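One file, target07.tsv, carrying TSV, C-alpha atoms:
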chain	number	residue	atom	x	y	z
D	784	MET	CA	-11.10	2.18	-4.34
D	785	GLU	CA	-12.18	5.71	-3.75
D	786	ASN	CA	-14.86	6.77	-1.39
D	787	VAL	CA	-15.71	9.95	-3.22
D	788	VAL	CA	-18.66	8.62	-5.10
D	789	THR	CA	-19.77	5.86	-2.84
D	790	HIS	CA	-20.07	7.88	0.34
D	791	GLU	CA	-22.01	11.03	0.80
D	792	ASP	CA	-20.84	11.37	4.39
D	793	TRP	CA	-18.49	14.15	3.50
D	794	LYS	CA	-21.38	16.57	3.19
D	795	VAL	CA	-22.41	16.09	6.79
D	796	GLY	CA	-18.89	16.36	8.12
D	797	PHE	CA	-18.02	19.21	5.85
D	798	SER	CA	-21.04	21.32	6.70
D	799	GLU	CA	-19.98	21.24	10.33
D	800	LEU	CA	-16.34	21.92	9.65
D	801	ALA	CA	-16.60	24.35	6.76
D	802	PRO	CA	-16.86	27.66	8.67
D	803	GLY	CA	-13.89	26.80	10.85
D	804	LEU	CA	-11.85	25.52	7.94
D	805	VAL	CA	-12.51	28.62	5.88
D	806	LEU	CA	-11.65	30.78	8.87
D	807	PHE	CA	-8.40	28.87	9.28
D	808	ALA	CA	-7.55	29.18	5.59
D	809	ARG	CA	-8.45	32.82	5.78
D	810	GLN	CA	-5.47	33.34	8.12
D	811	PHE	CA	-3.17	32.85	5.15
D	812	VAL	CA	-5.03	34.87	2.57
D	813	ARG	CA	-7.03	38.05	2.70
D	814	SER	CA	-10.18	37.14	0.86
D	815	ILE	CA	-12.93	34.70	1.60
D	816	ALA	CA	-12.86	33.54	-2.01
D	817	ASP	CA	-9.19	32.56	-1.79
D	818	ALA	CA	-9.81	30.87	1.53
D	819	GLU	CA	-12.64	28.85	0.04
D	820	ASP	CA	-10.45	27.85	-2.89
D	821	ILE	CA	-7.89	26.55	-0.43
D	822	VAL	CA	-10.47	24.66	1.56
D	823	GLN	CA	-11.91	23.15	-1.59
D	824	ASP	CA	-8.54	21.95	-2.80
D	825	ALA	CA	-7.54	20.67	0.62
D	826	PHE	CA	-10.80	18.91	1.34
D	827	VAL	CA	-10.83	17.15	-2.02
D	828	ARG	CA	-7.27	15.99	-1.48
D	829	PHE	CA	-8.05	14.88	2.04
D	830	TRP	CA	-11.19	13.02	1.07
D	831	ARG	CA	-9.67	11.31	-1.95
D	832	LYS	CA	-6.97	9.86	0.26
D	833	GLU	CA	-9.71	8.32	2.37
D	834	HIS	CA	-8.56	9.88	5.59
D	835	SER	CA	-11.02	9.80	8.42
D	836	ILE	CA	-12.77	13.08	8.91
D	837	GLU	CA	-12.17	12.53	12.60
D	838	ASN	CA	-8.50	13.17	11.94
D	839	ARG	CA	-8.85	16.91	12.28
D	840	ALA	CA	-5.15	17.49	12.81
D	841	LEU	CA	-4.45	16.04	9.38
D	842	LEU	CA	-7.33	17.93	7.82
D	843	PHE	CA	-6.07	21.25	9.14
D	844	ALA	CA	-2.52	20.32	8.20
D	845	THR	CA	-3.77	19.71	4.67
D	846	VAL	CA	-5.49	23.09	4.56
D	847	ARG	CA	-2.35	24.76	5.83
D	848	SER	CA	-0.18	22.91	3.34
D	849	VAL	CA	-2.41	23.88	0.43
D	850	ALA	CA	-2.44	27.48	1.60
D	851	LEU	CA	1.32	27.65	1.89
D	852	ASP	CA	1.74	25.94	-1.48
D	853	LEU	CA	-0.56	28.49	-3.00
D	854	LEU	CA	1.43	31.33	-1.54
D	855	ARG	CA	4.72	29.85	-2.66
D	856	ARG	CA	3.46	29.16	-6.17
D	857	ASP	CA	2.10	32.57	-6.76
D	858	ALA	CA	4.73	35.12	-5.89
D	859	ARG	CA	2.51	37.92	-7.06
D	860	ARG	CA	-0.17	36.74	-4.74
D	861	ALA	CA	2.36	36.41	-1.92
D	862	ARG	CA	3.49	39.98	-2.46
D	863	ARG	CA	-0.09	41.10	-2.46
D	864	GLU	CA	-0.73	39.23	0.77
D	865	ALA	CA	2.39	40.71	2.30
D	866	ASN	CA	1.28	44.17	1.29
D	867	ALA	CA	-2.16	43.44	2.62
D	868	ALA	CA	-0.69	42.42	5.91
D	869	LEU	CA	0.78	45.87	6.21
D	870	ASP	CA	-2.56	47.51	5.73
D	871	LEU	CA	-5.03	45.04	7.07
D	872	GLU	CA	-8.04	47.12	7.83
D	873	GLN	CA	-8.25	48.51	4.32
D	874	THR	CA	-7.95	45.31	2.36
D	875	THR	CA	-9.03	42.48	4.59
D	876	GLN	CA	-12.46	41.02	4.28
D	877	PRO	CA	-14.04	40.47	7.67
D	878	GLN	CA	-13.92	36.90	8.78
D	879	PHE	CA	-16.58	37.13	11.47
D	880	ASP	CA	-20.16	38.23	11.72
D	881	PHE	CA	-20.37	41.03	14.22
D	882	ASP	CA	-23.14	41.84	16.63
D	883	ASP	CA	-21.64	45.05	17.84
D	884	GLY	CA	-18.69	47.36	17.63
D	885	SER	CA	-16.93	45.63	20.45
D	886	GLN	CA	-16.80	42.43	18.47
D	887	ARG	CA	-15.55	44.33	15.47
D	888	GLU	CA	-12.69	45.64	17.57
D	889	LEU	CA	-11.92	42.21	18.86
D	890	ALA	CA	-11.86	40.81	15.33
D	891	ALA	CA	-9.53	43.59	14.27
D	892	ALA	CA	-7.26	42.78	17.18
D	893	ILE	CA	-7.18	39.16	16.04
D	894	ASP	CA	-6.10	40.28	12.60
D	895	ARG	CA	-3.16	42.11	14.10
D	896	LEU	CA	-1.78	38.98	15.72
D	897	PRO	CA	1.18	37.21	14.12
D	898	VAL	CA	0.03	34.43	11.86
D	899	ASP	CA	1.59	31.68	13.98
D	900	GLN	CA	-0.48	32.82	16.96
D	901	ARG	CA	-3.60	33.38	14.89
D	902	GLU	CA	-3.61	29.90	13.44
D	903	VAL	CA	-3.34	28.37	16.90
D	904	LEU	CA	-6.07	30.64	18.19
D	905	VAL	CA	-8.39	29.78	15.31
D	906	MET	CA	-7.87	26.06	15.71
D	907	LYS	CA	-8.38	26.25	19.48
D	908	ILE	CA	-11.29	28.66	19.82
D	909	TRP	CA	-13.41	28.16	16.74
D	910	ASN	CA	-12.48	24.61	15.79
D	911	GLU	CA	-12.02	23.24	19.29
D	912	LEU	CA	-8.91	21.27	18.50
D	913	THR	CA	-6.88	20.04	21.42
D	914	PHE	CA	-3.31	21.20	21.82
D	915	ALA	CA	-2.22	17.73	20.77
D	916	GLU	CA	-4.18	18.09	17.53
D	917	ILE	CA	-2.89	21.59	16.97
D	918	ALA	CA	0.65	20.39	17.56
D	919	GLY	CA	0.07	17.61	15.06
D	920	ALA	CA	-1.34	19.94	12.44
D	921	LEU	CA	1.47	22.46	12.77
D	922	GLU	CA	4.20	19.92	13.44
D	923	ILE	CA	5.23	21.65	16.63
D	924	SER	CA	5.27	20.49	20.22
D	925	GLN	CA	2.21	20.76	22.41
D	926	ASN	CA	4.08	23.15	24.66
D	927	THR	CA	4.80	25.40	21.73
D	928	ALA	CA	1.17	25.27	20.67
D	929	ALA	CA	0.03	26.13	24.18
D	930	SER	CA	2.58	28.93	24.42
D	931	ARG	CA	1.46	30.47	21.15
D	932	TYR	CA	-2.11	30.31	22.37
D	933	ARG	CA	-1.24	32.08	25.61
D	934	TYR	CA	0.77	34.70	23.75
D	935	ALA	CA	-2.18	35.29	21.45
D	936	LEU	CA	-4.58	35.72	24.33
D	937	ALA	CA	-2.18	38.00	26.16
D	938	ALA	CA	-1.69	40.13	23.08
D	939	LEU	CA	-5.42	40.27	22.43
D	940	LYS	CA	-6.15	41.21	25.97
D	941	LYS	CA	-3.60	43.96	25.85
D	942	ASN	CA	-4.64	45.28	22.46
D	943	PHE	CA	-8.34	44.83	22.94
D	944	VAL	CA	-8.34	46.59	26.28
D	945	ALA	CA	-6.19	49.33	24.81
D	946	HIS	CA	-8.71	49.86	22.01
D	947	GLU	CA	-11.76	49.72	24.27
J	1123	MET	CA	-5.62	30.41	32.00
J	1124	ASN	CA	-8.15	31.86	34.36
J	1125	ASP	CA	-6.93	35.32	33.45
J	1126	PHE	CA	-8.15	34.73	29.93
J	1127	SER	CA	-11.45	33.00	30.59
J	1128	GLU	CA	-13.47	36.13	29.96
J	1129	LEU	CA	-11.54	36.85	26.80
J	1130	GLU	CA	-12.00	33.30	25.62
J	1131	ALA	CA	-15.73	33.61	26.18
J	1132	ASP	CA	-15.76	36.81	24.15
J	1133	LEU	CA	-13.81	35.16	21.39
J	1134	LYS	CA	-16.22	32.26	21.24
J	1135	LYS	CA	-19.06	34.70	20.78
J	1136	LEU	CA	-17.49	35.74	17.52
J	1137	ARG	CA	-19.11	33.72	14.78
J	1138	PRO	CA	-16.98	32.76	11.80
J	1139	ARG	CA	-18.69	33.63	8.56
J	1140	GLU	CA	-20.50	30.76	6.99
J	1141	ALA	CA	-18.88	29.23	3.98
J	1142	SER	CA	-20.68	30.05	0.80
J	1143	ALA	CA	-23.23	27.60	-0.46
J	1144	GLN	CA	-21.21	27.29	-3.64
J	1145	LEU	CA	-18.25	25.84	-1.77
J	1146	ALA	CA	-19.97	22.55	-1.01
J	1147	THR	CA	-21.33	22.46	-4.55
J	1148	ARG	CA	-17.88	23.03	-6.00
J	1149	ILE	CA	-16.40	20.30	-3.84
J	1150	GLU	CA	-19.17	17.95	-4.86
J	1151	GLN	CA	-18.54	18.71	-8.52
J	1152	GLU	CA	-14.82	18.23	-8.16
J	1153	LEU	CA	-15.23	14.93	-6.39
J	1154	ALA	CA	-17.65	13.86	-9.10
J	1155	GLU	CA	-15.20	14.94	-11.80
J	1156	VAL	CA	-12.41	13.04	-10.14
J	1157	SER	CA	-14.52	9.94	-9.90
J	1158	GLY	CA	-15.70	10.54	-13.47
J	1159	ARG	CA	-12.13	10.69	-14.68
J	1160	THR	CA	-11.44	7.52	-12.83
J	1161	ALA	CA	-14.49	5.92	-14.37
J	1162	THR	CA	-13.77	7.06	-17.91
J	1163	ALA	CA	-10.11	6.21	-17.69
J	1164	THR	CA	-11.02	2.71	-18.74
J	1165	ALA	CA	-13.19	4.04	-21.60
J	1166	GLY	CA	-15.61	1.23	-21.05
J	1167	VAL	CA	-12.91	-1.39	-21.33
J	1168	LEU	CA	-12.78	-3.19	-18.07
J	1169	PRO	CA	-9.32	-4.06	-16.89
J	1170	LYS	CA	-8.66	-7.74	-16.95
J	1171	GLN	CA	-9.43	-9.25	-13.64
J	1172	LYS	CA	-6.64	-11.21	-12.12
J	1173	ALA	CA	-8.87	-14.09	-11.23
J	1174	PHE	CA	-7.28	-17.11	-9.69
J	1175	LYS	CA	-7.45	-19.91	-12.18
J	1176	PHE	CA	-6.51	-23.33	-11.05
J	1177	ASN	CA	-4.35	-25.19	-13.49
J	1178	TRP	CA	-5.27	-28.80	-12.90
J	1179	SER	CA	-2.96	-30.19	-15.56
J	1180	ALA	CA	0.00	-28.41	-13.98
J	1181	LEU	CA	-1.02	-29.73	-10.60
J	1182	GLY	CA	-1.26	-33.29	-11.93
J	1183	LEU	CA	2.06	-33.04	-13.70
J	1184	GLY	CA	3.67	-31.58	-10.61
J	1185	LEU	CA	2.31	-34.28	-8.35
J	1186	ALA	CA	3.37	-37.01	-10.75
J	1187	SER	CA	6.85	-35.54	-10.95
J	1188	ALA	CA	7.08	-35.23	-7.20
J	1189	ALA	CA	5.91	-38.82	-6.70
J	1190	ALA	CA	8.36	-40.12	-9.26
J	1191	PHE	CA	11.18	-38.17	-7.68
J	1192	LEU	CA	10.38	-39.45	-4.22
J	1193	LEU	CA	10.05	-43.01	-5.40
J	1194	LEU	CA	13.26	-42.89	-7.38
J	1195	ALA	CA	15.07	-41.32	-4.50
J	1196	ARG	CA	13.87	-44.11	-2.27
J	1197	VAL	CA	14.92	-46.71	-4.79
J	1198	ASN	CA	18.37	-45.21	-4.99
J	1199	VAL	CA	18.70	-45.52	-1.28
J	1200	ASP	CA	17.05	-48.84	-0.72
J	1201	GLN	CA	17.90	-50.68	-3.85
J	1202	LEU	CA	20.94	-49.83	-5.87
J	1203	PRO	CA	20.52	-50.76	-9.51
J	1204	ASP	CA	22.57	-53.60	-10.73
J	1205	LYS	CA	25.20	-52.26	-13.09
J	1206	GLY	CA	26.38	-55.63	-14.23
J	1207	ARG	CA	23.44	-56.52	-16.43
J	1208	SER	CA	24.11	-57.56	-19.93
J	1209	LEU	CA	22.92	-55.60	-22.89
J	1210	GLY	CA	19.78	-56.47	-24.76
J	1211	ALA	CA	18.36	-58.40	-21.91
J	1212	MET	CA	15.06	-58.13	-20.22
J	1213	THR	CA	15.89	-58.52	-16.62
J	1214	PRO	CA	13.08	-58.90	-14.20
J	1215	ALA	CA	14.35	-58.03	-10.79
J	1216	PRO	CA	13.87	-60.45	-8.00
J	1217	SER	CA	10.80	-59.59	-6.12
J	1218	VAL	CA	11.31	-58.75	-2.52
J	1219	ALA	CA	9.15	-60.69	-0.19
J	1220	PRO	CA	8.19	-58.54	2.75
J	1221	SER	CA	8.98	-60.12	6.01
J	1222	GLU	CA	6.15	-58.36	7.72
J	1223	GLU	CA	3.00	-56.96	6.34
J	1224	LYS	CA	3.27	-53.27	6.93
J	1225	ASP	CA	1.22	-50.44	5.57
J	1226	THR	CA	4.02	-49.23	3.38
J	1227	PHE	CA	5.19	-49.59	-0.17
J	1228	VAL	CA	7.97	-52.06	-0.68
J	1229	PRO	CA	9.98	-52.35	-3.91
J	1230	SER	CA	8.76	-55.42	-5.72
J	1231	GLY	CA	10.25	-55.26	-9.16
J	1232	LEU	CA	12.61	-53.64	-11.58
J	1233	THR	CA	12.34	-54.22	-15.30
J	1234	GLN	CA	14.84	-52.96	-17.84
J	1235	VAL	CA	13.97	-53.20	-21.54
J	1236	VAL	CA	16.84	-52.35	-23.84
J	1237	TYR	CA	15.42	-51.16	-27.10
J	1238	ASP	CA	18.48	-49.69	-28.77
J	1239	THR	CA	22.20	-50.38	-28.57
J	1240	ARG	CA	24.70	-48.29	-30.45
J	1241	ASP	CA	28.38	-49.06	-30.79
J	1242	GLU	CA	30.23	-45.76	-31.03
J	1243	GLY	CA	33.61	-47.34	-31.78
J	1244	LEU	CA	36.94	-47.04	-30.07
J	1245	HIS	CA	37.76	-44.16	-27.87
J	1246	PHE	CA	40.86	-43.14	-26.06
J	1247	ALA	CA	40.05	-41.96	-22.61
J	1248	GLU	CA	42.33	-39.40	-21.04
J	1249	GLY	CA	45.34	-40.98	-19.42
J	1250	ALA	CA	44.38	-44.42	-20.66
J	1251	SER	CA	46.98	-46.58	-22.37
J	1252	GLU	CA	44.44	-48.65	-24.23
J	1253	PRO	CA	41.44	-47.76	-26.32
J	1254	VAL	CA	37.96	-48.57	-25.08
J	1255	ARG	CA	34.88	-49.36	-27.03
J	1256	ARG	CA	31.96	-47.11	-26.19
J	1257	VAL	CA	28.57	-48.75	-26.30
J	1258	VAL	CA	25.42	-46.74	-25.61
J	1259	SER	CA	22.28	-48.55	-24.59
J	1260	ARG	CA	18.92	-46.88	-24.47
J	1261	LYS	CA	16.40	-48.59	-22.32
J	1262	ARG	CA	13.27	-48.16	-20.35
J	1263	GLU	CA	13.25	-49.02	-16.73
J	1264	THR	CA	10.13	-49.80	-14.79
J	1265	LEU	CA	10.08	-49.84	-11.04
J	1266	GLN	CA	7.27	-51.30	-9.04
J	1267	TRP	CA	6.28	-51.09	-5.39
J	1268	ASN	CA	3.59	-53.03	-3.61
J	1269	ASN	CA	1.78	-52.42	-0.42
J	1270	ALA	CA	1.21	-55.82	1.07
J	1271	GLN	CA	-1.42	-54.65	3.50
J	1272	THR	CA	-3.64	-52.72	1.14
J	1273	GLY	CA	-2.72	-54.49	-2.07
J	1274	ALA	CA	-1.95	-51.19	-3.79
J	1275	SER	CA	0.90	-50.96	-6.18
J	1276	LEU	CA	2.92	-48.19	-7.74
J	1277	ARG	CA	4.75	-48.33	-11.02
J	1278	VAL	CA	7.15	-45.79	-12.41
J	1279	SER	CA	8.55	-46.10	-15.88
J	1280	TYR	CA	11.20	-43.87	-17.30
J	1281	PRO	CA	13.71	-43.88	-20.17
J	1282	SER	CA	17.37	-44.21	-19.38
J	1283	GLU	CA	20.61	-44.33	-21.21
J	1284	GLU	CA	23.61	-46.35	-20.20
J	1285	VAL	CA	27.12	-45.92	-21.57
J	1286	THR	CA	29.42	-48.87	-21.26
J	1287	LEU	CA	33.15	-48.64	-21.92
J	1288	ILE	CA	34.62	-51.99	-22.85
J	1289	PRO	CA	38.42	-52.37	-22.95
J	1290	ALA	CA	39.46	-53.16	-26.48
J	1291	ALA	CA	42.18	-55.48	-25.31
J	1292	GLY	CA	39.65	-57.80	-23.84
J	1293	GLN	CA	37.84	-58.32	-27.17

Please render this file's structure as structure tokens.
Amino acid sequence: MENVVTHEDWKVGFSELAPGLVLFARQFVRSIADAEDIVQDAFVRFWRKEHSIENRALLFATVRSVALDLLRRDARRARREANAALDLEQTTQPQFDFDDGSQRELAAAIDRLPVDQREVLVMKIWNELTFAEIAGALEISQNTAASRYRYALAALKKNFVAHE
Amino acid sequence: MNDFSELEADLKKLRPREASAQLATRIEQELAEVSGRTATATAGVLPKQKAFKFNWSALGLGLASAAAFLLLARVNVDQLPDKGRSLGAMTPAPSVAPSEEKDTFVPSGLTQVVYDTRDEGLHFAEGASEPVRRVVSRKRETLQWNNAQTGASLRVSYPSEEVTLIPAAGQ
């Protein structure tokens, strides 16, 4: 018994979660379009398995899994992403709406973070997951999740101040 | 964490870009396609429902078998059949008069009707010094129980076969 056609609840939940999910997926790829493809695939999988949308750790774990599968499947894409990572500012689509130059700098500093710190930061700041949920999604300990978060903030503070 | 509170506030001011309107539409279409595939997988032929269907005849047969088994088992314990009956006889068993009227079934009769007797000739049993004549009797036995208190009675009738070996020297 699938809930995909009988329940329309997913639209409500998804509209609230979509920006954060796309932002999270965007940490693995360099275009919004790819990130949305990942979110689409992940959300359909998640919903078809009738998981509760309250289970955000599992939802983010699904997005991450789909993203990593995509990268593994497509070596050409992986190479492109690796190359893009070397030259972020030229190839990366912005993932935030900016009000001013300061925010642009901050967003650029986020892009320079290692991916393991960025994914924790994105889940914590813009998706408001707890460290327990983050740990569940990434299959790491809560201490590790909290450490990565602190490292990310420290690195941002250092880089952001340096660029200011 | 207090060192980062200002930075965290700045970060929260950054607004993630909204997902495109097409994303929700695409998800909706994919979910619909998935459900459509599920719906058309049967091609209009509904899978046979595994409805519970009570088989009354099987129940009746089972109960009758169980009752017969229980009654026969009780007879075997309470009333050993008499092996010394002669062939071709109709032998009404002596009815058992209950000493007390209890609400229970008491064996009240055993009837054996021999309807076929077949002499299979002389046989030499293993280790026997003399031949024996093998006589097979086919009969129908009827057992009856009465409940003295309620007046109810039970009868069980079943076919049986008895093989009798008669020493040839004694003939």

Expected answer as a ChimeraX atom specification: chain D residues within 6 Å of chain J, all atoms listed in the file
/D:787,802,823,878-880

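Interatomic distance, CA of Val1285 (chain J) against CA of His1245 (chain J): 12.5 Å.
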
D:Phe829, D:Trp793, D:Tyr932, D:Phe943: which is nearest Glu902 (chain D), counting only C-alpha atoms?
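Between D:Phe829, D:Trp793, D:Tyr932, D:Phe943, the residue approaching Glu902 (chain D) most closely is D:Tyr932.
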
Given all atoms listed in the file as the basis, pick out the residue of D:Arg839, D:Arg887, D:Arg856, D:Lys940 nearest to Ala918 (chain D).
D:Arg839

Any idea what the distance is between CA of Ser1187 (chain J) and CA of Asn1269 (chain J)?
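The value is 20.5 Å.
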
Just checking: using all atoms listed in the file, which residue out of D:Leu904, D:Leu889, D:Ala840, D:Ala850 ends up closest to Glu916 (chain D)?
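For Glu916 (chain D), the nearest of the candidates is D:Ala840.
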
Separation of CA of Pro1281 (chain J) from CA of Ala1190 (chain J) in Å:
12.7 Å

For a quick check of understanding, using all atoms listed in the file, which of D:Phe881, D:Ala938, D:Phe797, D:Val849 has the smallest distance to Glu837 (chain D)?
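Of D:Phe881, D:Ala938, D:Phe797, D:Val849, the one nearest Glu837 (chain D) is D:Phe797, counting all atoms listed in the file.
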
Smallest atom-to-atom distance to Ala844 (chain D): which of D:Asp792, D:Glu911, D:Glu922, D:Asp883, using all atoms listed in the file?
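Selected residue with least distance to Ala844 (chain D): D:Glu922.
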
Spatial neighbours of region 1250-1264 of chain J, 9 Å, all atoms listed in the file, chain gap at least 5 places, as a PyMOL selection string:
chain J and resi 1209-1210+1231-1245+1277-1291

Counting all atoms listed in the file, what is within 7 Å of Pro1229 (chain J), bar same-chain residues fewer than 2 positions away, as a list in words?
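So, after excluding close chain neighbours, the residues are Val1218, Phe1227, Gly1231, Gln1266, Trp1267 and Asn1268 of chain J.
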
So for region 812-825 of chain D, what box centre and size do we get, axis-aligned, 6 Å extra on each of the six sides, every listed atom, Å to one decimal, as JSON?
{"center_x": -9.0, "center_y": 29.4, "center_z": -0.1, "size_x": 19.9, "size_y": 29.4, "size_z": 17.6}

Mind checking which residues fall within 9 Å of Arg931 (chain D), counting all atoms listed in the file, ignoring those fewer than 3 positions away in the same chain, and posting them as a VMD selection string?
chain D and resid 899 to 901 903 to 904 926 to 928 934 to 936

Convert the current residue selection to file output with C-alpha atoms, as a PDB file, keeping the file's coordinate frame.
ATOM      1  CA  ASP D 899       1.590  31.680  13.980  1.00  0.00           C
ATOM      2  CA  GLN D 900      -0.480  32.820  16.960  1.00  0.00           C
ATOM      3  CA  ARG D 901      -3.600  33.380  14.890  1.00  0.00           C
ATOM      4  CA  VAL D 903      -3.340  28.370  16.900  1.00  0.00           C
ATOM      5  CA  LEU D 904      -6.070  30.640  18.190  1.00  0.00           C
ATOM      6  CA  ASN D 926       4.080  23.150  24.660  1.00  0.00           C
ATOM      7  CA  THR D 927       4.800  25.400  21.730  1.00  0.00           C
ATOM      8  CA  ALA D 928       1.170  25.270  20.670  1.00  0.00           C
ATOM      9  CA  TYR D 934       0.770  34.700  23.750  1.00  0.00           C
ATOM     10  CA  ALA D 935      -2.180  35.290  21.450  1.00  0.00           C
ATOM     11  CA  LEU D 936      -4.580  35.720  24.330  1.00  0.00           C
TER      12      LEU D 936
END

Ser848 (chain D) surroundings by all atoms listed in the file, 10 Å radius, close-in-sequence under 5 positions cut, as a ChimeraX atom specification
/D:808,821,825,842-843,853-854,920-921

Pick from D:Ile836, D:Ala892, D:Leu851, D:Ala929, whichever lies nearest to Met906 (chain D) using all atoms listed in the file
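With all atoms listed in the file as the atom set, the closest residue is D:Ala929.
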